[in-house]
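Reading through the structure tokens given below for one structure.
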Amino acid sequence: MYDTFIKINSVKDLYLFVDTLNNFSGNFEIVASQYAVNAKSLMNMLSLDLSKPLRLTIDSDQTDDILHHIEPFILHE
């Protein structure tokens, strides 16, 4: 398992993020406040407050490749 924080800046970015995750196998969970949703579900993602950073948990054998593909969304401190 791997945790990182992401930021989605627009609905267009949200579509791109969800489409990217759907190219990979594994479980992807977004935790925001007291909610946890499937990050591969556009409807679930649209229910969140996207103005704040979101914690993404990745459970996949392809984590390095996934992180490379979602790099534009990852928050760097």
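By order of appearance in the structure tokens: chains A, B, ..., then residues from 1 within every chain, and ligands from 1 in the order shown.
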Residues of stretch 42-70 of chain A at most 7 Å from stretch 6-26 of chain A: nearest atom pair and distance in Å, only C-alpha atoms, as JSON lines:
```
{"residue": "A:Leu42", "atom": "CA", "partner": "A:Val18", "partner_atom": "CA", "distance": 6.4}
{"residue": "A:Leu50", "atom": "CA", "partner": "A:Ile8", "partner_atom": "CA", "distance": 6.1}
{"residue": "A:Lys52", "atom": "CA", "partner": "A:Lys7", "partner_atom": "CA", "distance": 6.9}
{"residue": "A:Pro53", "atom": "CA", "partner": "A:Lys7", "partner_atom": "CA", "distance": 4.9}
{"residue": "A:Leu54", "atom": "CA", "partner": "A:Ile6", "partner_atom": "CA", "distance": 5.3}
{"residue": "A:Arg55", "atom": "CA", "partner": "A:Ile6", "partner_atom": "CA", "distance": 6.3}
{"residue": "A:Leu56", "atom": "CA", "partner": "A:Ile6", "partner_atom": "CA", "distance": 6.7}
{"residue": "A:Asp59", "atom": "CA", "partner": "A:Gly26", "partner_atom": "CA", "distance": 5.6}
{"residue": "A:Ser60", "atom": "CA", "partner": "A:Gly26", "partner_atom": "CA", "distance": 4.4}
{"residue": "A:Ile70", "atom": "CA", "partner": "A:Phe17", "partner_atom": "CA", "distance": 6.9}
```
Would you output that residue set with N, CA and C atoms, as a PDB file, in the first residue's frame?
```pdb
ATOM      1  N   LEU A  42     -16.052   7.862 -11.104  1.00  0.00           N
ATOM      2  CA  LEU A  42     -16.256   9.285 -11.373  1.00  0.00           C
ATOM      3  C   LEU A  42     -17.372   9.849 -10.502  1.00  0.00           C
ATOM      4  N   LEU A  50     -13.480  19.001  -4.000  1.00  0.00           N
ATOM      5  CA  LEU A  50     -12.222  18.953  -4.742  1.00  0.00           C
ATOM      6  C   LEU A  50     -11.359  20.188  -4.543  1.00  0.00           C
ATOM      7  N   LYS A  52      -9.946  20.949  -1.843  1.00  0.00           N
ATOM      8  CA  LYS A  52      -8.934  20.614  -0.842  1.00  0.00           C
ATOM      9  C   LYS A  52      -8.106  19.421  -1.306  1.00  0.00           C
ATOM     10  N   PRO A  53      -6.886  19.290  -0.779  1.00  0.00           N
ATOM     11  CA  PRO A  53      -6.089  18.096  -1.099  1.00  0.00           C
ATOM     12  C   PRO A  53      -6.795  16.837  -0.619  1.00  0.00           C
ATOM     13  N   LEU A  54      -6.593  15.761  -1.352  1.00  0.00           N
ATOM     14  CA  LEU A  54      -7.216  14.478  -1.059  1.00  0.00           C
ATOM     15  C   LEU A  54      -6.134  13.428  -0.843  1.00  0.00           C
ATOM     16  N   ARG A  55      -6.354  12.540   0.104  1.00  0.00           N
ATOM     17  CA  ARG A  55      -5.393  11.461   0.334  1.00  0.00           C
ATOM     18  C   ARG A  55      -5.776  10.258  -0.529  1.00  0.00           C
ATOM     19  N   LEU A  56      -4.838   9.817  -1.344  1.00  0.00           N
ATOM     20  CA  LEU A  56      -5.027   8.660  -2.218  1.00  0.00           C
ATOM     21  C   LEU A  56      -4.240   7.487  -1.656  1.00  0.00           C
ATOM     22  N   ASP A  59      -3.330   0.393  -3.667  1.00  0.00           N
ATOM     23  CA  ASP A  59      -3.012  -0.992  -3.343  1.00  0.00           C
ATOM     24  C   ASP A  59      -2.921  -1.742  -4.663  1.00  0.00           C
ATOM     25  N   SER A  60      -1.706  -1.781  -5.216  1.00  0.00           N
ATOM     26  CA  SER A  60      -1.504  -2.365  -6.534  1.00  0.00           C
ATOM     27  C   SER A  60      -0.054  -2.825  -6.673  1.00  0.00           C
ATOM     28  N   ILE A  70       0.265   9.564 -12.666  1.00  0.00           N
ATOM     29  CA  ILE A  70      -0.548  10.572 -11.961  1.00  0.00           C
ATOM     30  C   ILE A  70       0.313  11.693 -11.375  1.00  0.00           C
TER      31      ILE A  70
END
```
When DSSP works through the backbone of this structure, what residues of stretch 7-71 of chain A end up as alpha helix (DSSP H), shown as a JSON list (two decimals) with N, CA, C and O atoms, in the first residue's frame?
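Writing done, so here's out13.json:
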```json
[["chain", "number", "residue", "atom", "x", "y", "z"],
["A", 11, "VAL", "N", -12.73, 19.99, -13.29],
["A", 11, "VAL", "CA", -13.50, 18.80, -13.66],
["A", 11, "VAL", "C", -12.78, 18.04, -14.77],
["A", 11, "VAL", "O", -12.74, 16.81, -14.78],
["A", 12, "LYS", "N", -12.16, 18.78, -15.69],
["A", 12, "LYS", "CA", -11.39, 18.15, -16.76],
["A", 12, "LYS", "C", -10.26, 17.31, -16.16],
["A", 12, "LYS", "O", -10.02, 16.18, -16.60],
["A", 13, "ASP", "N", -9.55, 17.86, -15.15],
["A", 13, "ASP", "CA", -8.50, 17.10, -14.47],
["A", 13, "ASP", "C", -9.07, 15.87, -13.78],
["A", 13, "ASP", "O", -8.43, 14.82, -13.75],
["A", 14, "LEU", "N", -10.25, 16.00, -13.21],
["A", 14, "LEU", "CA", -10.88, 14.87, -12.54],
["A", 14, "LEU", "C", -11.14, 13.73, -13.52],
["A", 14, "LEU", "O", -10.83, 12.57, -13.24],
["A", 15, "TYR", "N", -11.68, 14.05, -14.68],
["A", 15, "TYR", "CA", -11.91, 13.03, -15.71],
["A", 15, "TYR", "C", -10.60, 12.36, -16.10],
["A", 15, "TYR", "O", -10.54, 11.13, -16.21],
["A", 16, "LEU", "N", -9.56, 13.15, -16.30],
["A", 16, "LEU", "CA", -8.25, 12.60, -16.68],
["A", 16, "LEU", "C", -7.69, 11.70, -15.58],
["A", 16, "LEU", "O", -7.18, 10.61, -15.85],
["A", 17, "PHE", "N", -7.82, 12.14, -14.33],
["A", 17, "PHE", "CA", -7.32, 11.35, -13.20],
["A", 17, "PHE", "C", -8.04, 9.99, -13.12],
["A", 17, "PHE", "O", -7.40, 8.95, -13.02],
["A", 18, "VAL", "N", -9.36, 10.01, -13.17],
["A", 18, "VAL", "CA", -10.14, 8.77, -13.08],
["A", 18, "VAL", "C", -9.84, 7.86, -14.28],
["A", 18, "VAL", "O", -9.65, 6.65, -14.11],
["A", 19, "ASP", "N", -9.76, 8.43, -15.48],
["A", 19, "ASP", "CA", -9.43, 7.63, -16.67],
["A", 19, "ASP", "C", -8.06, 6.98, -16.53],
["A", 19, "ASP", "O", -7.86, 5.82, -16.91],
["A", 20, "THR", "N", -7.11, 7.71, -15.99],
["A", 20, "THR", "CA", -5.76, 7.17, -15.79],
["A", 20, "THR", "C", -5.78, 6.00, -14.83],
["A", 20, "THR", "O", -5.20, 4.94, -15.11],
["A", 21, "LEU", "N", -6.46, 6.15, -13.70],
["A", 21, "LEU", "CA", -6.52, 5.05, -12.73],
["A", 21, "LEU", "C", -7.21, 3.82, -13.31],
["A", 21, "LEU", "O", -6.84, 2.69, -12.98],
["A", 42, "LEU", "N", -16.05, 7.86, -11.10],
["A", 42, "LEU", "CA", -16.26, 9.29, -11.37],
["A", 42, "LEU", "C", -17.37, 9.85, -10.50],
["A", 42, "LEU", "O", -17.24, 10.93, -9.93],
["A", 43, "MET", "N", -18.45, 9.11, -10.34],
["A", 43, "MET", "CA", -19.56, 9.59, -9.52],
["A", 43, "MET", "C", -19.14, 9.77, -8.07],
["A", 43, "MET", "O", -19.50, 10.76, -7.43],
["A", 44, "ASN", "N", -18.38, 8.83, -7.54],
["A", 44, "ASN", "CA", -17.88, 8.96, -6.17],
["A", 44, "ASN", "C", -16.97, 10.17, -6.03],
["A", 44, "ASN", "O", -17.06, 10.92, -5.06],
["A", 45, "MET", "N", -16.11, 10.36, -6.99],
["A", 45, "MET", "CA", -15.16, 11.47, -6.94],
["A", 45, "MET", "C", -15.87, 12.82, -7.04],
["A", 45, "MET", "O", -15.47, 13.78, -6.39],
["A", 46, "LEU", "N", -16.93, 12.87, -7.82],
["A", 46, "LEU", "CA", -17.68, 14.13, -7.96],
["A", 46, "LEU", "C", -18.39, 14.52, -6.67],
["A", 46, "LEU", "O", -18.76, 15.67, -6.49],
["A", 63, "THR", "N", 2.40, 0.11, -8.52],
["A", 63, "THR", "CA", 2.42, 1.42, -7.85],
["A", 63, "THR", "C", 3.39, 2.40, -8.51],
["A", 63, "THR", "O", 3.04, 3.56, -8.74],
["A", 64, "ASP", "N", 4.61, 1.98, -8.83],
["A", 64, "ASP", "CA", 5.58, 2.90, -9.43],
["A", 64, "ASP", "C", 5.09, 3.45, -10.75],
["A", 64, "ASP", "O", 5.22, 4.65, -11.02],
["A", 65, "ASP", "N", 4.53, 2.60, -11.58],
["A", 65, "ASP", "CA", 4.00, 3.03, -12.88],
["A", 65, "ASP", "C", 2.81, 3.97, -12.70],
["A", 65, "ASP", "O", 2.67, 4.98, -13.40],
["A", 66, "ILE", "N", 1.95, 3.65, -11.77],
["A", 66, "ILE", "CA", 0.78, 4.49, -11.47],
["A", 66, "ILE", "C", 1.22, 5.87, -11.02],
["A", 66, "ILE", "O", 0.73, 6.89, -11.52],
["A", 67, "LEU", "N", 2.18, 5.92, -10.10],
["A", 67, "LEU", "CA", 2.67, 7.21, -9.60],
["A", 67, "LEU", "C", 3.27, 8.05, -10.72],
["A", 67, "LEU", "O", 3.10, 9.27, -10.75],
["A", 68, "HIS", "N", 3.94, 7.40, -11.65],
["A", 68, "HIS", "CA", 4.48, 8.12, -12.80],
["A", 68, "HIS", "C", 3.36, 8.76, -13.63],
["A", 68, "HIS", "O", 3.47, 9.92, -14.05],
["A", 69, "HIS", "N", 2.28, 8.02, -13.84],
["A", 69, "HIS", "CA", 1.18, 8.51, -14.67],
["A", 69, "HIS", "C", 0.33, 9.58, -13.98],
["A", 69, "HIS", "O", -0.28, 10.41, -14.66]]
```
Which of stretch 4-76 of chain A fall in strand (DSSP E), as a VMD selection string: chain A and resid 4 to 6 27 to 32 35 to 38 54 to 59
Among listed residues A:Asn38, A:Glu71, A:Leu48, A:Thr57, nearest A:Thr4 (using only C-alpha atoms): A:Thr57
Residue with smallest distance to A:Tyr2 - pool A:Asp61, A:Ser41, A:Phe73, A:Ser33, counting only C-alpha atoms: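 Closest candidate: A:Asp61.
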Atom CA of A:Gln62 to atom CA of A:Tyr35, straight-line distance in Å: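 That distance, rounded to one decimal, is 25.1 Å.
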